[in-house]
Structure formats: C-alpha cells, structure tokens
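> Enclosed is the structure file work-v2.txt (compact mmCIF, C-alpha atoms).
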# COMPACT_ATOMS: atom_id res chain seq x y z
CA MET O 15 -33.03 8.45 84.56
CA ALA O 16 -35.93 6.47 83.08
CA THR O 17 -34.95 3.06 81.69
CA LYS O 18 -35.89 1.64 78.30
CA ASP O 19 -38.59 -0.50 79.95
CA HIS O 20 -39.97 2.54 81.77
CA ARG O 21 -40.16 4.48 78.48
CA LEU O 22 -41.90 1.56 76.79
CA HIS O 23 -44.45 1.33 79.59
CA ALA O 24 -44.97 5.11 79.66
CA ARG O 25 -45.59 5.24 75.90
CA GLY O 26 -48.23 2.51 76.10
CA LEU O 27 -49.83 4.16 79.13
CA ILE O 28 -50.07 7.62 77.52
CA GLU O 29 -51.20 6.31 74.13
CA GLY O 30 -53.91 4.26 75.83
CA LEU O 31 -55.21 7.29 77.73
CA GLU O 32 -55.13 9.44 74.58
CA SER O 33 -57.20 6.85 72.72
CA ARG O 34 -59.76 6.64 75.52
CA VAL O 35 -60.28 10.41 75.48
CA HIS O 36 -61.95 9.95 72.09
CA VAL O 37 -63.41 6.42 72.08
CA GLY O 38 -63.76 5.47 75.76
CA PRO O 39 -64.14 3.88 78.17
CA PRO O 40 -64.18 6.97 80.45
CA ILE O 41 -60.97 7.89 82.24
CA ALA O 42 -61.09 8.29 86.02
CA GLU O 43 -59.13 11.14 87.59
CA THR O 44 -57.25 8.59 89.70
CA GLU O 45 -55.82 7.12 86.48
CA ILE O 46 -54.27 10.49 85.61
CA LEU O 47 -52.85 10.77 89.12
CA LEU O 48 -51.44 7.24 88.97
CA ALA O 49 -49.89 7.86 85.54
CA ARG O 50 -48.25 11.05 86.85
CA GLU O 51 -46.95 9.14 89.88
CA PHE O 52 -45.46 6.46 87.62
CA LEU O 53 -43.64 9.07 85.53
CA ARG O 54 -42.32 10.76 88.64
CA GLN O 55 -41.15 7.52 90.29
CA SER O 56 -39.50 6.42 87.04
CA ASP O 57 -37.42 9.63 86.93
CA PHE O 58 -38.96 11.17 83.80
CA SER O 59 -38.17 14.87 83.47
CA PRO O 60 -41.13 17.14 84.29
CA THR O 61 -40.50 18.78 80.91
CA SER O 62 -40.57 15.47 79.01
CA GLU O 63 -43.01 14.70 76.21
CA TYR O 64 -44.80 12.20 78.45
CA PHE O 65 -45.59 14.77 81.15
CA ASN O 66 -46.69 17.26 78.47
CA ARG O 67 -49.05 14.78 76.81
CA LEU O 68 -50.47 13.74 80.18
CA GLY O 69 -51.10 17.41 80.99
CA GLN O 70 -52.99 17.83 77.71
CA ILE O 71 -55.16 14.81 78.52
CA GLN O 72 -55.90 16.22 81.98
CA THR O 73 -56.83 19.63 80.55
CA ARG O 74 -59.34 18.02 78.16
CA LEU O 75 -60.92 15.99 80.94
CA GLU O 76 -61.07 18.62 83.71
CA PRO O 77 -64.73 19.57 83.01
CA ARG O 78 -65.72 15.91 83.49
CA PHE O 79 -63.60 15.47 86.62
CA GLY O 80 -65.44 18.33 88.31
CA GLU O 81 -68.55 16.16 88.43
CA ASN O 82 -66.90 13.47 90.59
CA PRO O 83 -65.05 14.25 93.84
CA LEU O 84 -61.60 12.74 94.41
CA PRO O 85 -61.06 9.87 96.86
CA PRO O 86 -59.35 10.68 100.17
CA PRO O 87 -55.74 11.94 99.86
CA LYS O 88 -52.69 9.82 100.64
CA ARG O 89 -52.41 8.52 104.21
CA ASN O 90 -49.19 7.44 105.89
CA TYR O 91 -49.04 4.90 108.76
CA GLY O 92 -46.10 3.43 110.65
CA GLY O 93 -45.41 1.08 113.53
CA GLU O 94 -44.36 -2.40 114.61
CA ALA O 95 -46.36 -5.46 113.61
CA GLY O 96 -45.42 -9.10 113.15
CA GLY O 97 -42.11 -8.44 114.89
CA CYS O 98 -40.84 -5.78 112.48
CA TRP O 99 -41.30 -2.10 111.69
CA MET O 100 -43.69 -1.39 108.81
CA GLN O 101 -44.79 1.64 106.85
CA LEU O 102 -48.11 1.64 105.00
CA GLN O 103 -49.14 4.34 102.53
CA ALA O 104 -52.69 4.30 101.19
CA ALA O 105 -53.85 6.46 98.28
CA TYR O 106 -56.84 6.45 95.94
CA ASP O 107 -57.06 2.79 94.86
CA HIS O 108 -53.85 1.16 96.12
CA LEU O 109 -51.48 0.82 99.04
CA ILE O 110 -47.72 0.47 99.45
CA LEU O 111 -46.41 -1.69 102.31
CA SER O 112 -42.73 -1.25 103.18
CA THR O 113 -40.23 -2.92 105.51
CA CYS O 114 -36.51 -2.35 106.06
CA TYR O 115 -33.76 -4.96 106.18
CA GLU O 116 -30.12 -4.54 107.15
CA GLY O 117 -27.09 -6.76 107.47
CA GLY O 118 -23.61 -7.47 106.27
CA PHE O 119 -21.91 -9.36 103.46
CA ARG O 120 -18.16 -9.82 102.95
CA CYS O 121 -17.33 -7.30 105.69
CA GLN O 122 -19.66 -4.67 104.22
CA GLN O 123 -22.78 -3.35 105.95
CA GLY O 124 -25.96 -2.09 104.33
CA LYS O 125 -29.67 -1.39 104.66
CA VAL O 126 -32.51 -1.52 102.13
CA LYS O 127 -36.23 -0.83 102.09
CA ILE O 128 -38.47 -3.31 100.25
CA SER O 129 -41.87 -1.98 99.16
CA HIS O 130 -44.85 -3.89 97.77
CA ARG O 131 -47.61 -2.02 96.00
CA PHE O 132 -51.03 -3.75 95.98
CA ASN O 133 -54.03 -2.84 93.83
CA GLN O 134 -57.70 -2.73 94.84
CA ALA O 135 -58.02 -6.52 94.53
CA GLY O 136 -54.93 -7.27 96.63
CA ARG O 137 -52.78 -8.15 93.60
CA ILE O 138 -49.18 -6.98 93.31
CA ASP O 139 -48.39 -3.99 91.08
CA PHE O 140 -44.67 -3.97 91.78
CA VAL O 141 -41.92 -4.93 94.21
CA GLU O 142 -39.38 -2.17 94.74
CA LEU O 143 -36.02 -1.92 96.51
CA LYS O 144 -34.53 1.34 97.78
CA PHE O 145 -30.86 1.46 98.79
CA LEU O 146 -30.88 3.26 102.14
CA ARG O 147 -27.24 2.30 102.72
CA SER O 148 -25.80 0.32 99.86
CA MET O 149 -22.69 -1.80 99.96
CA GLN O 150 -21.76 0.34 96.95
CA PRO O 151 -22.10 3.91 98.30
CA CYS O 152 -22.73 5.34 94.82
CA LEU O 153 -26.12 3.59 94.90
CA ASN O 154 -27.36 5.21 98.12
CA GLY O 155 -30.86 6.58 97.59
CA GLU O 156 -31.33 4.73 94.29
CA ILE O 157 -34.53 2.75 93.61
CA ARG O 158 -34.88 -0.48 91.63
CA LYS O 159 -38.09 -2.16 90.51
CA LEU O 160 -37.36 -5.84 91.15
CA LEU O 161 -40.63 -6.86 89.50
CA MET O 162 -43.34 -4.69 87.92
CA VAL O 163 -46.58 -5.93 86.37
CA LYS O 164 -46.93 -4.68 82.82
CA ASP O 165 -49.63 -2.00 82.41
CA TYR O 166 -50.71 -2.52 86.02
CA SER O 167 -52.79 0.66 86.00
CA ARG O 168 -54.76 -0.48 82.94
CA ILE O 169 -55.36 -4.22 83.33
CA ARG O 170 -58.29 -5.64 85.30
CA LYS O 171 -57.66 -5.50 89.02
CA ASP O 172 -58.57 -9.12 89.86
CA TRP O 173 -56.19 -10.69 87.33
CA HIS O 174 -55.03 -14.27 87.78
CA ALA O 175 -52.02 -14.12 85.44
CA ALA O 176 -50.13 -11.07 84.20
CA GLU O 177 -46.95 -10.28 82.29
CA ALA O 178 -44.27 -8.49 84.26
CA PHE O 179 -40.91 -6.80 83.83
CA VAL O 180 -38.15 -8.15 86.08
CA LEU O 181 -34.74 -6.76 86.93
CA PRO O 182 -32.18 -8.87 85.02
CA VAL O 183 -29.54 -8.63 87.77
CA LEU O 184 -30.91 -8.60 91.32
CA PRO O 185 -29.12 -6.46 93.96
CA GLN O 186 -26.67 -8.32 96.17
CA GLU O 187 -28.26 -6.60 99.20
CA LEU O 188 -31.08 -9.15 98.98
CA VAL O 189 -28.84 -11.38 101.11
CA PHE O 190 -30.06 -9.26 104.03
CA LEU O 191 -33.46 -10.93 103.56
CA TYR O 192 -32.13 -14.47 103.16
CA GLN O 193 -28.45 -15.41 103.23
CA ASP O 194 -28.67 -18.16 100.58
CA ILE O 195 -31.08 -16.34 98.25
CA PHE O 196 -28.76 -16.49 95.24
CA ARG O 197 -28.44 -20.27 95.48
CA CYS O 198 -32.14 -20.58 94.62
CA PRO O 199 -33.61 -20.68 91.08
CA ARG O 200 -34.32 -17.15 89.87
CA SER O 201 -38.04 -17.80 89.29
CA GLU O 202 -38.39 -18.99 92.89
CA VAL O 203 -36.54 -15.92 94.17
CA LEU O 204 -38.90 -13.60 92.28
CA ALA O 205 -42.00 -15.47 93.52
CA TRP O 206 -40.63 -15.33 97.06
CA LEU O 207 -40.07 -11.58 96.77
CA VAL O 208 -43.70 -11.11 95.69
CA ASN O 209 -45.04 -13.42 98.40
CA ILE O 210 -43.07 -11.67 101.15
CA GLY O 211 -45.48 -8.76 100.64
CA HIS O 212 -48.52 -10.98 101.06
CA ARG O 213 -47.04 -12.53 104.22
CA ILE O 214 -46.25 -9.12 105.70
CA ALA O 215 -49.86 -8.15 104.98
CA GLN O 216 -50.96 -11.32 106.82
CA ASP O 217 -48.84 -10.38 109.85
CA LEU O 218 -50.29 -6.87 109.87
CA VAL O 219 -53.92 -8.00 109.58
CA LYS O 220 -53.37 -10.60 112.31
CA ASP O 221 -52.00 -7.95 114.68
CA LEU O 222 -54.79 -5.52 113.80
CA ASP O 223 -57.32 -8.23 114.67
CA GLN O 224 -55.71 -9.48 117.87
CA ARG O 225 -53.85 -6.59 119.53
CA PRO O 226 -55.91 -4.16 121.63
CA SER O 227 -55.64 -0.51 120.70
CA GLU O 228 -53.72 0.39 123.86
CA ALA O 229 -50.95 -2.10 122.92
CA TRP O 230 -49.97 -0.04 119.87
CA ASP O 231 -47.32 2.68 120.08
CA SER O 232 -49.30 5.87 119.55
CA ARG O 233 -46.50 8.31 120.44
CA PRO O 234 -46.01 11.21 117.98
CA ARG O 235 -43.83 10.27 114.99
CA ALA O 236 -40.76 12.17 113.83
CA ASN O 237 -42.63 12.35 110.54
CA GLY O 238 -45.52 14.53 111.65
CA ASP O 239 -48.08 13.28 109.15
CA GLN O 240 -47.54 9.59 109.97
CA GLN O 241 -50.27 7.90 112.00
CA CYS O 242 -50.05 4.80 114.19
CA LEU O 243 -50.57 1.50 112.33
CA ALA O 244 -53.63 0.80 114.47
CA ALA O 245 -55.42 3.60 112.60
CA VAL O 246 -55.34 1.44 109.44
CA ARG O 247 -58.37 -0.38 110.88
CA THR O 248 -60.60 2.54 109.84
CA ASP O 249 -58.98 3.23 106.46
CA GLU O 250 -61.64 2.60 103.81
CA VAL O 251 -59.06 1.95 101.09
CA ALA O 252 -56.31 0.06 102.94
CA MET O 253 -58.30 -2.50 104.93
CA PRO O 254 -60.23 -4.04 102.00
CA ILE O 255 -56.97 -4.33 100.03
CA LEU O 256 -55.15 -5.98 102.96
CA GLU O 257 -58.00 -8.43 103.53
CA GLN O 258 -57.76 -9.59 99.92
CA ALA O 259 -53.96 -9.65 99.83
CA VAL O 260 -53.66 -12.01 102.79
CA ALA O 261 -55.45 -14.82 100.90
CA LEU O 262 -53.18 -14.76 97.85
CA GLU O 263 -49.98 -16.53 96.89
CA SER O 264 -48.10 -16.25 93.60
CA ALA O 265 -45.80 -18.22 91.33
CA VAL O 266 -43.48 -16.65 88.76
CA GLU O 267 -42.54 -18.15 85.40
CA LEU O 268 -39.62 -16.56 83.57
CA SER O 269 -40.18 -15.87 79.87
CA GLY O 270 -36.88 -14.04 79.26
CA PRO O 271 -34.05 -12.25 81.08
CA LYS O 272 -36.26 -9.18 81.68
CA THR O 273 -39.78 -10.63 81.49
CA ALA O 274 -41.94 -13.08 83.40
CA VAL O 275 -45.51 -14.15 84.04
CA VAL O 276 -46.93 -13.80 87.56
CA ARG O 277 -49.71 -16.25 88.42
CA TYR O 278 -51.83 -16.34 91.53
CA VAL O 279 -52.20 -19.96 92.56
CA SER O 280 -54.47 -19.57 95.58
CA GLN O 281 -57.19 -17.15 96.66
Go ahead and express the file in the form of structure tokens.


Amino acid sequence: MATKDHRLHARGLIEGLESRVHVGPPIAETEILLAREFLRQSDFSPTSEYFNRLGQIQTRLEPRFGENPLPPPKRNYGGEAGGCWMQLQAAYDHLILSTCYEGGFRCQQGKVKISHRFNQAGRIDFVELKFLRSMQPCLNGEIRKLLMVKDYSRIRKDWHAAEAFVLPVLPQELVFLYQDIFRCPRSEVLAWLVNIGHRIAQDLVKDLDQRPSEAWDSRPRANGDQQCLAAVRTDEVAMPILEQAVALESAVELSGPKTAVVRYVSQ
C-alpha cells in the first residue's frame, strides 16, 4: 500500500505534468513512463485517481509522442564484478544497480537486495531495500525506500544538493552490510548507504575496463532475458551514467525524522 510520502510525491508529480500540458515545458514520453513506474513501485492501485489522471495526460500527448521514437527498451544484465554478484537494469534515462547481502543476527538468518537507482548525470534517485528473506518472515518480498530524492523525475539531473525522504526506522537487516551500522550517527549511515552505490559502480567500471571479455561468465542465465555484465560496455544509456557515478560522493544532512538533504561533495 502506498505510504503518505508516496501519495504526497505522486500528487506533486501528477499536478506538475498536468500543468505542463497547458503551459510547458514539453513533456517527454519517458517522463510518463517513469511516472507510471513510480506509481507501480509504490503500490498504487491501477484503478487509483493517480493512474487515471496519468492516463488522461498520456492520451492528450499521444499525437506529439508519435513524432519522437522511444529510447531502447529496458535491458537486464547480471554477473560477478568487484568480488560480488551484481544486477544492472538500464531503461530510458536511468539505471538500477543491485547487490544482495545475507547474514545472521541473534540466531536469525536473512537476505536482502539493495538497489541504487542513478539518473542520467550519475546522481542517486533512490536507495531501496527488498527483503528476500527477512528475519521477520511477514516482511518477505516487501520493499522499503531507505532514501528517495524528492521529485527526482522533475528536478535537474546534475543537481548538487537535493531534498530527500528517508525511512524513519531503518531495517535491522542492514547489519548484514556492516555489523556495527547502528552504532553510527544516522546521517552517516544514510550517506554510507548512498555511497555504497557509487563504490559498486566504481568496482563494475574497473572490471569492465580491465577484465578481458573471455574472463566474464557468458553462460546462459536462468532468467532468459538477462545478459552478461560484459555487455554493459556497449549500452548507450548505462555506460555514460556509470562513468559519471564513479566520480561522485555524497553527504547527508538530516532535516527531520523523515527528511534530509543530500549533497554531492566531490565530482
């Protein structure tokens, strides 16, 4: 079910698109697709007012969209790099880089997937956790946005500081990433969670640069549409994003229990 923060973000997103239909600037078809993806990932009902209003916007704009072809569809890559298994999904104007972590805490075992979504300029859109095997079984399959940049689909892509929503209570499964994580100041934990994504991108780019093609595992995947990570080298969307992401590092300043400001301090 969509949270209060998700509904607030969705309302601003839809109202902004509705305004631009009449007064500009022009809306790209990718913006409609990204808005629809946000609603879907945030568990809005397909029959909700937000989906209906987005459909009306799309109907009005369809004659204009026919003049400009869509970017390539979503691509899915997987493989080992930097000593761990990674999944990279590239679509339209962003990519999502994911890694799994597992471990135990107080005699309980678990496994989570951490995903970082980067925009065209290599900036973070959100950091997401999925409970693959939670220490609380009722959470299995659930997704939590640990940090999400406010209006990330609307703000300029090369931002240096941006407001963000943060999860007020972080999942205990984060101990799988670092055993003493909850002994650190919360702002440092959030910055670290963002910067993990940039460091994973660094590891991937380093391996893509240094490992010969024959050193990559190119065996068929269980997921039939997933390509070997080495194929990312020729992805016209993913590689430019990765090359920008590797040069960035962030700091996070808390402004409230559920809000923060993300600043990029190097580039």

> Can you tell me which residues surround O:Met162 at a distance of at most 8 Å, considering all atoms listed in the file, apart from same-chain residues fewer than 6 positions away, and format the answer as a PDB file with C-alpha atoms, in the frame of the given file?


ATOM      1  CA  ASP O 139     -48.390  -3.990  91.080  1.00  0.00           C
ATOM      2  CA  PHE O 140     -44.670  -3.970  91.780  1.00  0.00           C
ATOM      3  CA  VAL O 141     -41.920  -4.930  94.210  1.00  0.00           C
ATOM      4  CA  ALA O 178     -44.270  -8.490  84.260  1.00  0.00           C
ATOM      5  CA  PHE O 179     -40.910  -6.800  83.830  1.00  0.00           C
ATOM      6  CA  VAL O 180     -38.150  -8.150  86.080  1.00  0.00           C
TER       7      VAL O 180
END

> When you count only C-alpha atoms, which of these residues is closest to O:Ala16: O:Phe119, O:Phe58, O:Trp206, O:Tyr278?

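Checking each of O:Phe119, O:Phe58, O:Trp206, O:Tyr278 against O:Ala16, counting only C-alpha atoms, the winner is O:Phe58.
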
> Point out the residue among O:Gly96, O:Pro87, O:Gly270, O:Gly124 with the least atom-to-atom distance to O:Asp221, counting all atoms listed in the file.

O:Gly96

> Hey, what's within 8 Å of stretch 70-76 of chain O if we count all atoms listed in the file and toss same-chain stuff fewer than 6 positions away? As a list of chain:residue names, please?

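These residues fall inside the cut-off: O:Leu31, O:Glu32, O:Val35, O:Ile46.
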
> Please, could you write that set of residues out with C-alpha atoms as a PDB file, in the frame of the given file?


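Now in part05.pdb:
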ATOM      1  CA  LEU O  31     -55.210   7.290  77.730  1.00  0.00           C
ATOM      2  CA  GLU O  32     -55.130   9.440  74.580  1.00  0.00           C
ATOM      3  CA  VAL O  35     -60.280  10.410  75.480  1.00  0.00           C
ATOM      4  CA  ILE O  46     -54.270  10.490  85.610  1.00  0.00           C
TER       5      ILE O  46
END

> Could you pull the residues within 9 Å of O:Val208, counting only C-alpha atoms, minus those fewer than 5 positions along the same chain, as a ChimeraX atom specification?

/O:130,138,140-141,161,203,263-266

> For atom CA of O:Leu268 and atom CA of O:Arg200, quote the distance in Å rounded to one decimal.

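According to the coordinates, atom CA of O:Leu268 and atom CA of O:Arg200 are separated by 8.3 Å.
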
> Can you pull out the residues contacting O:Glu142? Cut-off 10 Å, using only C-alpha atoms, and skip same-chain residues under 4 positions away; I want them as an MDAnalysis selection string.

chainID O and resid 110 112 127:131 157:162 207:208

> Using all atoms listed in the file, pick whichever of O:His23, O:Val163, O:Thr113, O:Asp249 has the shortest atom-to-atom distance to O:Ala95.

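Distance minimum relative to O:Ala95 lands on O:Thr113.
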
> Using atom CA of O:Tyr166 and atom CA of O:Phe196 as the two end points, give the distance in Å to one decimal.

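One can read the atom CA of O:Tyr166 to atom CA of O:Phe196 distance as 27.6 Å.
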
> Could you check which of O:Glu177, O:Glu29, O:Asp194, O:Asp217 is closest to O:Ala274, using only C-alpha atoms?

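With only C-alpha atoms as the atom set, the closest residue is O:Glu177.
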
> With all atoms listed in the file as the basis for distance, which of O:Gly38, O:Gln122, O:Leu243, O:His20 is at the shortest distance from O:Leu181?

O:His20

> Just the residues within 7 Å of O:Arg247, please, counting all atoms listed in the file, with nothing from its chain fewer than 3 positions along; format it as a list in words.

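That gives Leu222, Ala244 and Met253 of chain O.
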
> Kindly export the residues of the current selection with C-alpha atoms, as a PDB file, in the frame of the given file.


ATOM      1  CA  LEU O 222     -54.790  -5.520 113.800  1.00  0.00           C
ATOM      2  CA  ALA O 244     -53.630   0.800 114.470  1.00  0.00           C
ATOM      3  CA  MET O 253     -58.300  -2.500 104.930  1.00  0.00           C
TER       4      MET O 253
END

> Closest to O:Arg50 among O:Trp99, O:Trp173, O:Tyr106, O:Tyr64, using only C-alpha atoms?

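Ranked by minimum distance to O:Arg50, first place goes to O:Tyr64.
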
> For a test of reading the model, state the distance in Å between atom CA of O:Glu250 and atom CA of O:Gln134, rounded to one decimal.

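According to the coordinates, atom CA of O:Glu250 and atom CA of O:Gln134 are separated by 11.2 Å.
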